[in-house]
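Notes follow the structure.
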Amino acid sequence: MTLERFFRRRPPQQKEGTSDDLPDLWGKCPKCNAQVYNKELEQNLRVCPTCGYHHRMPVKKRLEGLVDAGTFEQTSGKIRATDPLEFVDTEPYTARLERSRKKTGREGAVVAGRATMGGLKVMLCVMDFEFNGGSMGSVEGEEITRSMELAASEHRALILVAASGGARMQEGALSLMQMAKTTFALEELASLRLPYITVLTDPTTGGVAASFAAIGDVVIAEPDALIGFAGQRVIQQTVRQNLPEGFQRSEFYEKKGFIDAVIDRREHREHLTQLIAMLTNQPRPEVTALVIQADPPKPPRGGLFGRRG
Amino acid sequence: MTLERFFRRRPPQQKEGTSDDLPDLWGKCPKCNAQVYNKELEQNLRVCPTCGYHHRMPVKKRLEGLVDAGTFEQTSGKIRATDPLEFVDTEPYTARLERSRKKTGREGAVVAGRATMGGLKVMLCVMDFEFNGGSMGSVEGEEITRSMELAASEHRALILVAASGGARMQEGALSLMQMAKTTFALEELASLRLPYITVLTDPTTGGVAASFAAIGDVVIAEPDALIGFAGQRVIQQTVRQNLPEGFQRSEFYEKKGFIDAVIDRREHREHLTQLIAMLTNQPRPEVTALVIQADPPKPPRGGLFGRRG
Amino acid sequence: MALEFEKPITDLETRIAELKTYGVTSAVDMTEEIALLEKRLERLRLETFSTLTRWQRVQLARAAGRPTALDYIANIFTDYQELHGDRAYGEDAAIVGGLARLEGRAVIVIGQQKGRDTKENIARNFGMAHPEGFRKAMRLMDMADKFGLPLITLVDTPGAYPGIAAEERGQAWLIAQSIQKMTRLRVPVICTVIGEGGSGGALAVAVGNRVLILENAVYSTISPESCAAIIWRDAKEAEKAAEAMKLTARDLEKFNIVDQVITEPKGGAHNDPEAAMQNLKTALLEHLAQLEGLDESALIRDRAARFRKLGVFEEISA
Amino acid sequence: MALEFEKPITDLETRIAELKTYGVTSAVDMTEEIALLEKRLERLRLETFSTLTRWQRVQLARAAGRPTALDYIANIFTDYQELHGDRAYGEDAAIVGGLARLEGRAVIVIGQQKGRDTKENIARNFGMAHPEGFRKAMRLMDMADKFGLPLITLVDTPGAYPGIAAEERGQAWLIAQSIQKMTRLRVPVICTVIGEGGSGGALAVAVGNRVLILENAVYSTISPESCAAIIWRDAKEAEKAAEAMKLTARDLEKFNIVDQVITEPKGGAHNDPEAAMQNLKTALLEHLAQLEGLDESALIRDRAARFRKLGVFEEISA
Ligand SMILES: [Zn+2]
Ligand SMILES: [Zn+2]
């Protein structure tokens, strides 16, 4: 599957950004310091083979790792941000937008589209932290809302992969309103009993954490992702004490009861597919092994999908 | 209003128990040690005029303090307990039952009936702690269930005044099942948008606390009432430490978020009436002052019913 | 306590009062002078309040003497009966609510409550709710929904509380749940920003069929101070940030984020609370009358449609 | 670890095993003797287990080697995917649950989970849930309801945990809420007491269209020890209490508290877990097949009618 195919619906005037491929080199894991060959890291979905550290994942790579090969068909990218507030701080908002566009080759922080997973019809929304910190402006809210509407009308389960610093300041309260707008759009999905599953990745904070990302029928998270409403600096300034070890990380919130399961990225494909199949009471799909996966999958946390009994 | 009128539907074979009137004497408040003339205490709905201590309230006195004079019409008392388990401990269950019957003049720990409050149609269930510690057996569960059904069919709001040590051991799991049976009967009330309000009095614990008493649309409690699932002795044996001051009392649970308001008994009549009127969107009823009330009512906690604005 | 920009006005008020006293005690007739000065005062007030900067509005929205939710509740409604608790963890005094009557009509009212003095502010955490506060609000929303009672909310919070315990108990999730709960209510929902509409903590109780705002209230996705801290790395640039953020009632009206701006009396709500309350009451009654014509599913559709339109972007012509 | 009354059986088993070894090593033919002894063992087992006292059943229901909820889940279901958390306060390991398939049919399964060793027992609080455990169960029930998935619960708890924190977080309210949630589910609900059905903590997840129970499981409103402590002021009288309480599967069947008693293999579920699981699986499939014929409101009515009948009393002829 080529990347072109992945993004065949991208409007022609948009240039593709960087390839997202890692250079053909050795790198160093920021957590365990182990040397790792980038090709191997890539094949391992950017999870450190030594310690399991989850590197940030470019959107295209993530989609490749999730859906049935060649089935992703992009629906997003037909709208673009304007500057309704004429917001200027150290530079105009329009300049910031332009930089994000150049950097990512996108019009906003949300990539959405149709695909199948194990043959099941799904809709996916993946947030791109590289676009203005994954912040939620009018475009992002609209993309997500349209995806929800499309999922409902085409009877697809919806998977949303969150990565966001929160609301987009430069769009003021318009940004805030996206939290409500997207939530409204979930109702039609719910009434059709279509599953809505969210995947929280590092970081998922602010207005995104406090709206559509939090209210998946099932909420899973990647290991060690930063999650929460308030930023750690703000909290520290408020309470004037050190934050506890592991505070606001995936494992913390799993223990606090807010996340269904912390799941290794390499298991998402199988896990999400089986969840959707069960929630919609469809026969058990066989999920084809991911070609780019190099090492054998680890035993899943908190439950097994292996057939037993 | 005579007590006979209050209980005119009591089956004739039942003898009335003790009069429930306090003897014409001076008594001593167990909390503040103040001397109080019993007649005065009675007029004050058995609330200590000095410190506000709430003495236990006999069922008839409570009904008298709540409903429009002369409107109570008893519906309970047509069934009686048997001894399905043939339970014998230090004495047979039948002997225990007989003692409770003699002591209270009732067949069970629940007195139920129709009435009006400020002219609004209500159904009331009041538990009698004097009957086997207000424990819930088959008869009690059935009385409450029938009251709920009757309230639904006659379109009445339901007020339940709880006082119970919990399940009735001597009826085994049959007692436990009453927790579910009564809860099912609430559905019809809910679907008709009829309010169900519970009043927790000292003590409300065990299976009663953990079923119908807890799930009122509004849950109010008398001051300083003992409330909770597990008994304090059991908790102490489990955790082997002293229980905190005020643990499991009304005020404790108000602070912990489980009770809508702790309300002085002398305000229940007005409070409950206005609540029901608002929940059913009926015009504001004028509640006639309670004749037996001797001292001026204290300002209500947490809100006023006085007309303002 | 006058705000900085109100000083010239209050100073002049003091002078006039002094002059009046002088006139009485000295038996010199100052009537003419006083009349002139009072006209001047009137003009000064008008000038000041018709040219308020956004930052000045922020200050007004937060002014210590400004009426709080419970003040509005006590004056606009009757028979208020406060209900407490979230049935899960605790009672949060930063959010109040219960049953009340609005011109006789029973409603559920929810308010974000700031303190009226330091002591109360500490008890109410300056109007910043913890998760249990939002859960309490949700319980009241459920009650409104179950009994078919209109829901009136009064928004006034710097934001959800950014503390360790609040995050531990899932602040993000509770805000999201509260928003979702409001999208589903089968009753008329009217929300009014009466002071500060701070971010997700405000939105959590502001998903209404109508969203109203008082003239000097503000509503934003972040406080000007925090915005300034992020952009200029200096919270003191808040004035600059407030200008950029377009967070005033009139700004929000332009983007359809609010449906009506409720006029405040001259000098702001804190100068004549009764008048401000009367204005809000009139608006609430009008909107409620409109909404009571809609059935349950129409109310949900109306609310969804209201929010569906919010956002500004352009279609790319391929 | 054999229970006291199982000792004669296990002793005889040991003897037979020794004899077999002897037969092999000494080359003396013991076939006949062994056959005789094995018949004797069979008879002994039958006698013991057909005349179990109630107190012995209580001990069996609590036996250390008895299969736990997760054992049943692993063997009866496939594709089990555990989901965690209550979305409000915490994750409670005393209650487990998630999505799974029962012969291919997707269901929600909830189990009360005791530990299989001391360490796990501490982690799982001996199967005694806190409020967050019941809230977690309720969340799974909501999921079943939303997606139309049958709900299967496995009951095995000494009771809800009687601790300070549990009471502080509203144990009574959560049990009541969970019961109420179950009364409203629009899906088939089948509950099975697999070990100890302890009081309100058990009932909180046992309000089903069908309530099944394993042959040696018990279900009661209080533990025999607590009952004895109250009545005789001596927990050691538990045996006497157990007799009085009529808490065994067969007792409960008489009062229609359970709909079916699932046969356990000879010597109890712990002696042949596979067989016990197979028996339960067969029963679950049968009952599920019956219930899947009912529509949503019929399922609720069926469940309500089942519980409406429970209780024993007599009408007073006036
Ligand atoms: Zn590493
Ligand atoms: Zn006293």
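For the structure tokens, the naming scheme is as follows: chains receive sequential letters (A, B, ...) according to their order of presentation, residues are indexed from 1 within each chain, and ligands are indexed from 1 in presentation order.
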| Ala152 in chain A surroundings by only C-alpha atoms, 8 Å radius, close-in-sequence under 5 positions cut, as a list of chain:residue names | A:Glu188, A:Leu189, A:Leu192, A:Leu194
Export, as a compact mmCIF listing (two decimals), in the first residue's frame, the selected residues with N, CA and C atoms.
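Final file, out.txt:
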```txt
# COMPACT_ATOMS: atom_id res chain seq x y z
N GLU A 188 -26.61 10.70 17.42
CA GLU A 188 -27.15 9.89 16.32
C GLU A 188 -26.44 8.53 16.29
N LEU A 189 -25.14 8.55 16.49
CA LEU A 189 -24.39 7.29 16.59
C LEU A 189 -24.97 6.41 17.69
N LEU A 192 -28.23 4.76 17.00
CA LEU A 192 -28.10 3.65 16.05
C LEU A 192 -27.27 2.50 16.62
N LEU A 194 -24.22 2.44 17.30
CA LEU A 194 -22.90 2.32 16.67
C LEU A 194 -21.83 2.65 17.70
```
| task | Please give me, as a PyMOL selection string, the residues lying within 8 Å of ligand 1 when counting only C-alpha atoms and all ligand atoms. | result | chain A and resi 28-34+47-53
Chain D onto chain C, all Cα, least squares, as a compact mmCIF listing (two decimals) with C-alpha atoms, in the first residue's frame:
```
# COMPACT_ATOMS: atom_id res chain seq x y z
CA MET D 1 -14.61 48.97 46.18
CA ALA D 2 -14.43 50.80 42.89
CA LEU D 3 -12.43 49.41 40.01
CA GLU D 4 -9.52 51.50 38.75
CA PHE D 5 -11.41 52.99 35.82
CA GLU D 6 -14.43 53.73 37.97
CA LYS D 7 -12.37 56.01 40.22
CA PRO D 8 -13.17 59.32 38.42
CA ILE D 9 -16.85 58.48 38.70
CA THR D 10 -16.80 57.59 42.36
CA ASP D 11 -14.61 60.60 43.11
CA LEU D 12 -17.12 62.91 41.47
CA GLU D 13 -19.93 61.18 43.35
CA THR D 14 -18.11 61.91 46.59
CA ARG D 15 -17.67 65.56 45.63
CA ILE D 16 -21.36 65.95 44.86
CA ALA D 17 -22.31 64.34 48.14
CA GLU D 18 -19.97 66.68 50.00
CA LEU D 19 -21.42 69.67 48.21
CA LYS D 20 -24.93 68.60 49.14
CA THR D 21 -23.93 68.34 52.78
CA TYR D 22 -22.27 71.72 52.56
CA GLY D 23 -25.41 73.20 51.00
CA VAL D 24 -27.48 71.98 53.89
CA THR D 25 -25.12 72.92 56.70
CA SER D 26 -24.09 76.29 55.31
CA ALA D 27 -27.56 77.24 54.10
CA VAL D 28 -25.94 78.40 50.82
CA ASP D 29 -28.09 77.39 47.86
CA MET D 30 -26.00 75.00 45.74
CA THR D 31 -28.92 73.58 43.75
CA GLU D 32 -27.76 74.85 40.42
CA GLU D 33 -24.15 73.77 40.86
CA ILE D 34 -25.22 70.38 42.03
CA ALA D 35 -27.52 69.91 39.09
CA LEU D 36 -24.69 70.80 36.76
CA LEU D 37 -22.34 68.40 38.43
CA GLU D 38 -24.88 65.66 38.33
CA LYS D 39 -25.27 66.11 34.62
CA ARG D 40 -21.50 65.98 34.34
CA LEU D 41 -21.49 62.77 36.37
CA GLU D 42 -24.11 61.30 34.12
CA ARG D 43 -22.02 62.14 31.07
CA LEU D 44 -18.87 60.80 32.64
CA ARG D 45 -20.56 57.53 33.48
CA LEU D 46 -21.93 57.26 29.98
CA GLU D 47 -18.56 57.98 28.42
CA THR D 48 -16.75 55.55 30.63
CA PHE D 49 -19.20 52.72 30.15
CA SER D 50 -19.74 53.24 26.46
CA THR D 51 -16.03 53.00 25.78
CA LEU D 52 -15.07 50.20 28.11
CA THR D 53 -12.10 48.22 26.94
CA ARG D 54 -12.32 44.46 26.93
CA TRP D 55 -10.00 44.29 29.88
CA GLN D 56 -12.23 46.67 31.81
CA ARG D 57 -15.16 44.40 31.08
CA VAL D 58 -13.18 41.47 32.46
CA GLN D 59 -12.67 43.47 35.62
CA LEU D 60 -16.37 44.31 35.79
CA ALA D 61 -17.30 40.69 35.23
CA ARG D 62 -15.17 39.78 38.24
CA ALA D 63 -16.04 42.79 40.40
CA ALA D 64 -16.39 41.93 44.07
CA GLY D 65 -19.78 43.57 44.51
CA ARG D 66 -21.31 42.04 41.40
CA PRO D 67 -24.41 39.95 42.14
CA THR D 68 -23.70 36.22 42.41
CA ALA D 69 -25.83 33.28 41.35
CA LEU D 70 -27.55 33.01 44.72
CA ASP D 71 -28.38 36.71 44.58
CA TYR D 72 -30.11 36.24 41.24
CA ILE D 73 -31.82 33.12 42.51
CA ALA D 74 -33.13 34.88 45.60
CA ASN D 75 -34.52 37.75 43.58
CA ILE D 76 -35.71 36.25 40.34
CA PHE D 77 -37.20 33.07 41.75
CA THR D 78 -39.43 32.18 44.66
CA ASP D 79 -39.64 29.03 46.76
CA TYR D 80 -36.02 28.14 46.11
CA GLN D 81 -35.23 24.84 47.72
CA GLU D 82 -31.58 23.98 47.54
CA LEU D 83 -30.62 20.34 47.02
CA HIS D 84 -27.19 19.00 47.77
CA GLY D 85 -24.77 16.34 46.79
CA ASP D 86 -23.66 14.25 43.85
CA ARG D 87 -24.63 10.80 45.25
CA ALA D 88 -21.10 9.60 44.65
CA TYR D 89 -18.40 11.54 46.41
CA GLY D 90 -19.24 14.86 47.96
CA GLU D 91 -21.05 18.12 48.21
CA ASP D 92 -19.44 20.92 46.24
CA ALA D 93 -20.38 24.42 47.33
CA ALA D 94 -18.98 25.94 44.12
CA ILE D 95 -22.15 24.82 42.38
CA VAL D 96 -25.56 25.38 43.90
CA GLY D 97 -28.97 24.39 42.69
CA GLY D 98 -32.39 23.07 43.39
CA LEU D 99 -36.05 23.55 42.76
CA ALA D 100 -37.59 26.99 42.48
CA ARG D 101 -40.47 28.84 40.92
CA LEU D 102 -40.15 31.43 38.17
CA GLU D 103 -43.37 33.42 38.21
CA GLY D 104 -45.05 30.37 39.64
CA ARG D 105 -43.65 27.93 37.07
CA ALA D 106 -41.54 25.23 38.75
CA VAL D 107 -38.02 24.98 37.36
CA ILE D 108 -34.64 23.56 38.22
CA VAL D 109 -31.99 26.19 38.71
CA ILE D 110 -28.24 25.60 38.79
CA GLY D 111 -25.72 28.31 39.57
CA GLN D 112 -21.98 28.58 39.79
CA GLN D 113 -21.45 30.37 43.04
CA LYS D 114 -18.62 32.66 43.97
CA GLY D 115 -18.28 33.86 47.52
CA ARG D 116 -19.51 37.28 48.52
CA ASP D 117 -16.59 37.71 50.90
CA THR D 118 -13.25 36.04 51.49
CA LYS D 119 -14.57 33.48 53.91
CA GLU D 120 -17.37 32.43 51.58
CA ASN D 121 -14.98 32.48 48.64
CA ILE D 122 -12.80 29.94 50.40
CA ALA D 123 -15.83 27.76 51.20
CA ARG D 124 -16.98 28.00 47.60
CA ASN D 125 -13.50 27.66 46.15
CA PHE D 126 -13.98 30.98 44.29
CA GLY D 127 -16.65 29.37 42.18
CA MET D 128 -14.33 26.73 40.78
CA ALA D 129 -15.99 23.34 40.85
CA HIS D 130 -14.46 19.94 41.45
CA PRO D 131 -15.80 16.86 39.65
CA GLU D 132 -18.43 16.36 42.35
CA GLY D 133 -19.80 19.80 41.56
CA PHE D 134 -20.40 18.87 37.96
CA ARG D 135 -21.86 15.55 39.05
CA LYS D 136 -24.21 17.40 41.36
CA ALA D 137 -25.25 19.61 38.46
CA MET D 138 -25.89 16.50 36.39
CA ARG D 139 -28.09 15.07 39.09
CA LEU D 140 -30.19 18.22 39.02
CA MET D 141 -30.34 18.02 35.24
CA ASP D 142 -31.63 14.47 35.56
CA MET D 143 -34.30 15.73 37.90
CA ALA D 144 -35.31 18.44 35.43
CA ASP D 145 -35.48 15.84 32.68
CA LYS D 146 -37.44 13.33 34.71
CA PHE D 147 -40.08 15.76 35.89
CA GLY D 148 -40.22 17.86 32.75
CA LEU D 149 -39.04 21.01 34.48
CA PRO D 150 -37.23 23.72 32.53
CA LEU D 151 -33.57 24.11 33.45
CA ILE D 152 -32.10 27.53 34.14
CA THR D 153 -28.36 27.80 34.68
CA LEU D 154 -26.33 30.76 35.85
CA VAL D 155 -22.71 30.64 34.76
CA ASP D 156 -20.06 32.37 36.81
CA THR D 157 -16.72 30.67 37.25
CA PRO D 158 -13.07 31.37 36.54
CA GLY D 159 -13.03 27.74 35.39
CA ALA D 160 -13.02 24.19 36.68
CA TYR D 161 -10.55 23.91 39.53
CA PRO D 162 -7.05 22.98 38.35
CA GLY D 163 -5.94 21.00 41.41
CA ILE D 164 -4.45 17.59 42.01
CA ALA D 165 -7.54 16.07 43.60
CA ALA D 166 -9.79 17.47 40.90
CA GLU D 167 -7.70 15.86 38.18
CA GLU D 168 -7.48 12.66 40.19
CA ARG D 169 -11.25 12.48 40.33
CA GLY D 170 -11.50 13.00 36.59
CA GLN D 171 -12.22 16.67 35.98
CA ALA D 172 -11.98 16.17 32.21
CA TRP D 173 -14.43 13.28 32.26
CA LEU D 174 -16.97 15.07 34.40
CA ILE D 175 -16.99 18.17 32.22
CA ALA D 176 -17.48 15.96 29.19
CA GLN D 177 -20.25 14.00 30.89
CA SER D 178 -22.02 17.16 31.92
CA ILE D 179 -21.89 18.57 28.40
CA GLN D 180 -23.26 15.31 27.08
CA LYS D 181 -26.01 15.24 29.68
CA MET D 182 -27.11 18.70 28.53
CA THR D 183 -27.25 17.63 24.89
CA ARG D 184 -29.87 15.07 25.87
CA LEU D 185 -32.24 17.02 28.10
CA ARG D 186 -35.86 16.87 26.98
CA VAL D 187 -36.73 20.18 28.64
CA PRO D 188 -36.13 23.84 27.83
CA VAL D 189 -32.61 24.84 28.88
CA ILE D 190 -31.66 28.49 29.26
CA CYS D 191 -28.14 29.37 30.31
CA THR D 192 -26.92 32.81 31.27
CA VAL D 193 -23.37 33.95 31.78
CA ILE D 194 -23.76 36.41 34.64
CA GLY D 195 -20.08 37.09 35.31
CA GLU D 196 -17.13 35.00 34.27
CA GLY D 197 -17.65 32.23 31.77
CA GLY D 198 -14.40 30.38 32.23
CA SER D 199 -13.60 27.68 29.73
CA GLY D 200 -14.83 24.09 30.01
CA GLY D 201 -15.93 24.66 33.56
CA ALA D 202 -18.45 27.18 32.27
CA LEU D 203 -19.49 25.23 29.19
CA ALA D 204 -20.23 22.20 31.34
CA VAL D 205 -23.40 23.97 32.51
CA ALA D 206 -23.95 26.21 29.49
CA VAL D 207 -25.26 23.94 26.74
CA GLY D 208 -28.67 25.51 26.38
CA ASN D 209 -31.37 26.14 23.85
CA ARG D 210 -30.60 29.73 24.65
CA VAL D 211 -27.33 31.09 25.89
CA LEU D 212 -27.68 34.59 27.27
CA ILE D 213 -25.04 36.86 28.69
CA LEU D 214 -25.03 39.97 30.79
CA GLU D 215 -23.63 43.04 29.11
CA ASN D 216 -20.45 43.14 31.16
CA ALA D 217 -19.93 39.43 31.50
CA VAL D 218 -17.23 37.58 29.56
CA TYR D 219 -16.94 34.07 28.19
CA SER D 220 -13.73 32.58 26.93
CA THR D 221 -11.74 29.46 26.41
CA ILE D 222 -8.95 30.58 28.72
CA SER D 223 -8.41 33.47 31.12
CA PRO D 224 -6.63 36.52 29.71
CA GLU D 225 -3.90 35.99 32.30
CA SER D 226 -3.26 32.40 31.22
CA CYS D 227 -3.46 33.35 27.58
CA ALA D 228 -0.87 36.06 28.18
CA ALA D 229 1.32 33.69 30.14
CA ILE D 230 1.36 31.27 27.22
CA ILE D 231 1.85 33.81 24.44
CA TRP D 232 3.96 36.52 26.02
CA ARG D 233 5.20 34.39 28.88
CA ASP D 234 3.94 37.14 31.16
CA ALA D 235 0.55 37.14 32.88
CA LYS D 236 0.78 40.92 33.15
CA GLU D 237 0.06 41.20 29.46
CA ALA D 238 -3.50 40.13 30.26
CA GLU D 239 -4.89 43.41 28.97
CA LYS D 240 -3.36 42.78 25.58
CA ALA D 241 -4.63 39.21 25.64
CA ALA D 242 -8.14 40.29 26.57
CA GLU D 243 -8.23 42.55 23.51
CA ALA D 244 -7.08 39.75 21.22
CA MET D 245 -9.44 37.18 22.67
CA LYS D 246 -12.71 38.96 21.84
CA LEU D 247 -14.37 37.69 24.94
CA THR D 248 -17.03 40.31 25.66
CA ALA D 249 -20.76 39.91 25.34
CA ARG D 250 -20.91 41.96 22.16
CA ASP D 251 -17.99 40.03 20.62
CA LEU D 252 -19.67 36.73 21.35
CA GLU D 253 -22.95 37.92 19.92
CA LYS D 254 -21.25 38.46 16.56
CA PHE D 255 -20.23 34.81 16.41
CA ASN D 256 -23.67 33.59 17.57
CA ILE D 257 -22.10 32.12 20.66
CA VAL D 258 -24.70 33.98 22.66
CA ASP D 259 -28.28 34.63 21.67
CA GLN D 260 -28.97 37.76 23.64
CA VAL D 261 -27.01 40.33 25.55
CA ILE D 262 -28.87 41.40 28.68
CA THR D 263 -28.52 45.11 29.31
CA GLU D 264 -26.98 46.05 32.61
CA PRO D 265 -27.96 49.21 34.46
CA LYS D 266 -25.69 52.21 34.10
CA GLY D 267 -22.42 51.59 35.91
CA GLY D 268 -22.84 47.81 35.75
CA ALA D 269 -24.89 45.20 37.55
CA HIS D 270 -23.17 45.90 40.86
CA ASN D 271 -24.41 49.48 40.84
CA ASP D 272 -28.06 48.49 40.63
CA PRO D 273 -28.48 44.76 41.17
CA GLU D 274 -32.26 44.95 41.27
CA ALA D 275 -32.37 46.41 37.77
CA ALA D 276 -29.96 43.82 36.41
CA MET D 277 -32.03 41.05 37.92
CA GLN D 278 -35.23 42.45 36.52
CA ASN D 279 -33.70 42.58 33.05
CA LEU D 280 -32.59 38.98 33.30
CA LYS D 281 -35.93 37.85 34.65
CA THR D 282 -37.74 39.48 31.74
CA ALA D 283 -35.42 37.76 29.28
CA LEU D 284 -35.78 34.36 30.96
CA LEU D 285 -39.56 34.59 30.85
CA GLU D 286 -39.55 35.55 27.18
CA HIS D 287 -37.26 32.75 26.12
CA LEU D 288 -39.02 30.23 28.31
CA ALA D 289 -42.35 31.17 26.76
CA GLN D 290 -40.87 30.56 23.30
CA LEU D 291 -39.36 27.21 24.23
CA GLU D 292 -42.36 25.85 26.06
CA GLY D 293 -44.06 25.57 22.69
CA LEU D 294 -41.62 22.85 21.65
CA ASP D 295 -42.05 19.18 22.46
CA GLU D 296 -39.32 17.01 23.92
CA SER D 297 -37.59 15.94 20.75
CA ALA D 298 -37.97 19.38 19.19
CA LEU D 299 -36.18 20.85 22.19
CA ILE D 300 -33.24 18.51 21.70
CA ARG D 301 -33.15 19.21 17.96
CA ASP D 302 -33.35 22.94 18.59
CA ARG D 303 -30.40 22.81 20.96
CA ALA D 304 -28.35 20.62 18.65
CA ALA D 305 -29.04 22.90 15.70
CA ARG D 306 -28.02 25.93 17.72
CA PHE D 307 -24.58 24.49 18.44
CA ARG D 308 -24.18 22.78 15.06
CA LYS D 309 -23.75 26.17 13.43
CA LEU D 310 -20.97 27.40 15.69
CA GLY D 311 -17.53 27.71 14.18
CA VAL D 312 -15.97 29.77 11.41
CA PHE D 313 -14.13 28.19 8.46
CA GLU D 314 -14.26 28.10 4.70
CA GLU D 315 -14.90 25.34 2.21
CA ILE D 316 -12.01 24.54 -0.10
CA SER D 317 -13.16 24.59 -3.69
CA ALA D 318 -11.35 21.63 -5.19
```
| task | Quick one: everything within 10 Å of range 142-150 of chain A, counting only C-alpha atoms, minus sequence neighbours fewer than 5 positions away in the same chain. Send it as number ranges by chain. | result | A: 75-79, 108-114, 123-127, 136-137, 155-160, 178, 181-189, 196, 212; C: 308-313
| task | Would you please give, as number ranges by chain, all residues of range 192-250 of chain B that DSSP assigns to strand (DSSP E) based on the backbone? | result | B: 196-205, 218-221, 227-228
| Distance of CA of Asn132 in chain A from CA of Arg249 in chain A, expressed in Å to one decimal place |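 Rounded to one decimal, the two atoms are 22.0 Å apart.
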| request: Compare B:Leu243, B:Leu97, B:Ile215, B:Val199 by their minimum atom-to-atom distance to chain C, counting only C-alpha atoms, and give me the closest one. | output: B:Ile215
| query | Which residue, B:Leu22, B:Ala230, B:Val36, B:Ala225, has the smallest gap to ligand 2 when you use only C-alpha atoms and all ligand atoms? | reply |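 Of B:Leu22, B:Ala230, B:Val36, B:Ala225, the one nearest ligand 2 is B:Val36, counting only C-alpha atoms and all ligand atoms.
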| said: At a cut-off of 8 Å, using only C-alpha atoms, what residues contact range 259-264 of chain B? Leave out same-chain residues fewer than 4 positions from it and give the result as a PyMOL selection string. | reply: (chain B and resi 218-223+250-251+253-254+268+300-302) or (chain C and resi 82-85+87)
I need the chosen residues saved as a compact mmCIF listing (two decimals), in the first residue's frame, with C-alpha atoms.
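Printed below is out29.txt as written:
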```
# COMPACT_ATOMS: atom_id res chain seq x y z
CA VAL B 218 -35.13 13.62 46.77
CA VAL B 219 -33.61 12.14 49.91
CA ILE B 220 -33.85 14.15 53.09
CA ALA B 221 -32.78 13.14 56.57
CA GLU B 222 -33.54 14.13 60.11
CA PRO B 223 -30.61 15.65 62.00
CA SER B 250 -27.08 12.57 58.46
CA GLU B 251 -24.75 15.55 58.43
CA TYR B 253 -23.72 11.98 54.48
CA GLU B 254 -24.95 15.41 53.45
CA HIS B 268 -40.94 18.43 57.00
CA PRO B 300 -34.91 26.42 57.21
CA ARG B 301 -31.51 25.11 56.29
CA GLY B 302 -30.17 25.57 52.78
CA GLU C 82 -31.58 23.91 47.54
CA LEU C 83 -30.59 20.28 47.00
CA HIS C 84 -27.17 18.96 47.75
CA GLY C 85 -24.75 16.29 46.78
CA ARG C 87 -24.58 10.78 45.23
```
| What's the 9 Å shell around Lys61 in chain A, counting only C-alpha atoms, without same-chain residues fewer than 2 positions away, as a ChimeraX atom specification? | /A:20-21,42,45,57-59,63-66
Write the residues of the selection above to a file with C-alpha atoms, as an mmCIF file, in the first residue's frame.
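Full text of again.cif as output:
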```
data_model
loop_
_atom_site.group_PDB
_atom_site.id
_atom_site.type_symbol
_atom_site.label_atom_id
_atom_site.label_comp_id
_atom_site.auth_asym_id
_atom_site.auth_seq_id
_atom_site.Cartn_x
_atom_site.Cartn_y
_atom_site.Cartn_z
ATOM 1 C CA ASP A 20 6.990 10.794 8.119
ATOM 2 C CA ASP A 21 9.543 8.071 7.555
ATOM 3 C CA GLU A 42 9.279 1.720 12.442
ATOM 4 C CA LEU A 45 5.023 0.869 15.325
ATOM 5 C CA MET A 57 3.160 8.355 15.930
ATOM 6 C CA PRO A 58 2.627 10.245 12.674
ATOM 7 C CA VAL A 59 -0.972 10.085 11.532
ATOM 8 C CA LEU A 63 -3.616 4.603 10.112
ATOM 9 C CA GLU A 64 -1.394 2.111 8.344
ATOM 10 C CA GLY A 65 -1.043 0.239 11.606
ATOM 11 C CA LEU A 66 -4.770 0.139 12.257
#
```
| said: Using DSSP assignments from the backbone, pull out every residue in range 89-230 of chain A that falls under helix (DSSP H, G or I) and give it to me as an MDAnalysis selection string. | reply: chainID A and resid 93:104 132:134 138:153 169:191 206:209
| Near-Gly206 in chain B list (10 Å; only C-alpha atoms; drop same-chain fewer than 3 positions) as a list in words | Ser135, Met136, Ser164, Gly165, Gly166, Ala167, Arg168, Pro203, Ala209, Ala210, Ser211, Ile227, Gly228, Phe229, Ala230 and Gly231 of chain B; Ala172, Ser199, Gly200 and Thr221 of chain D
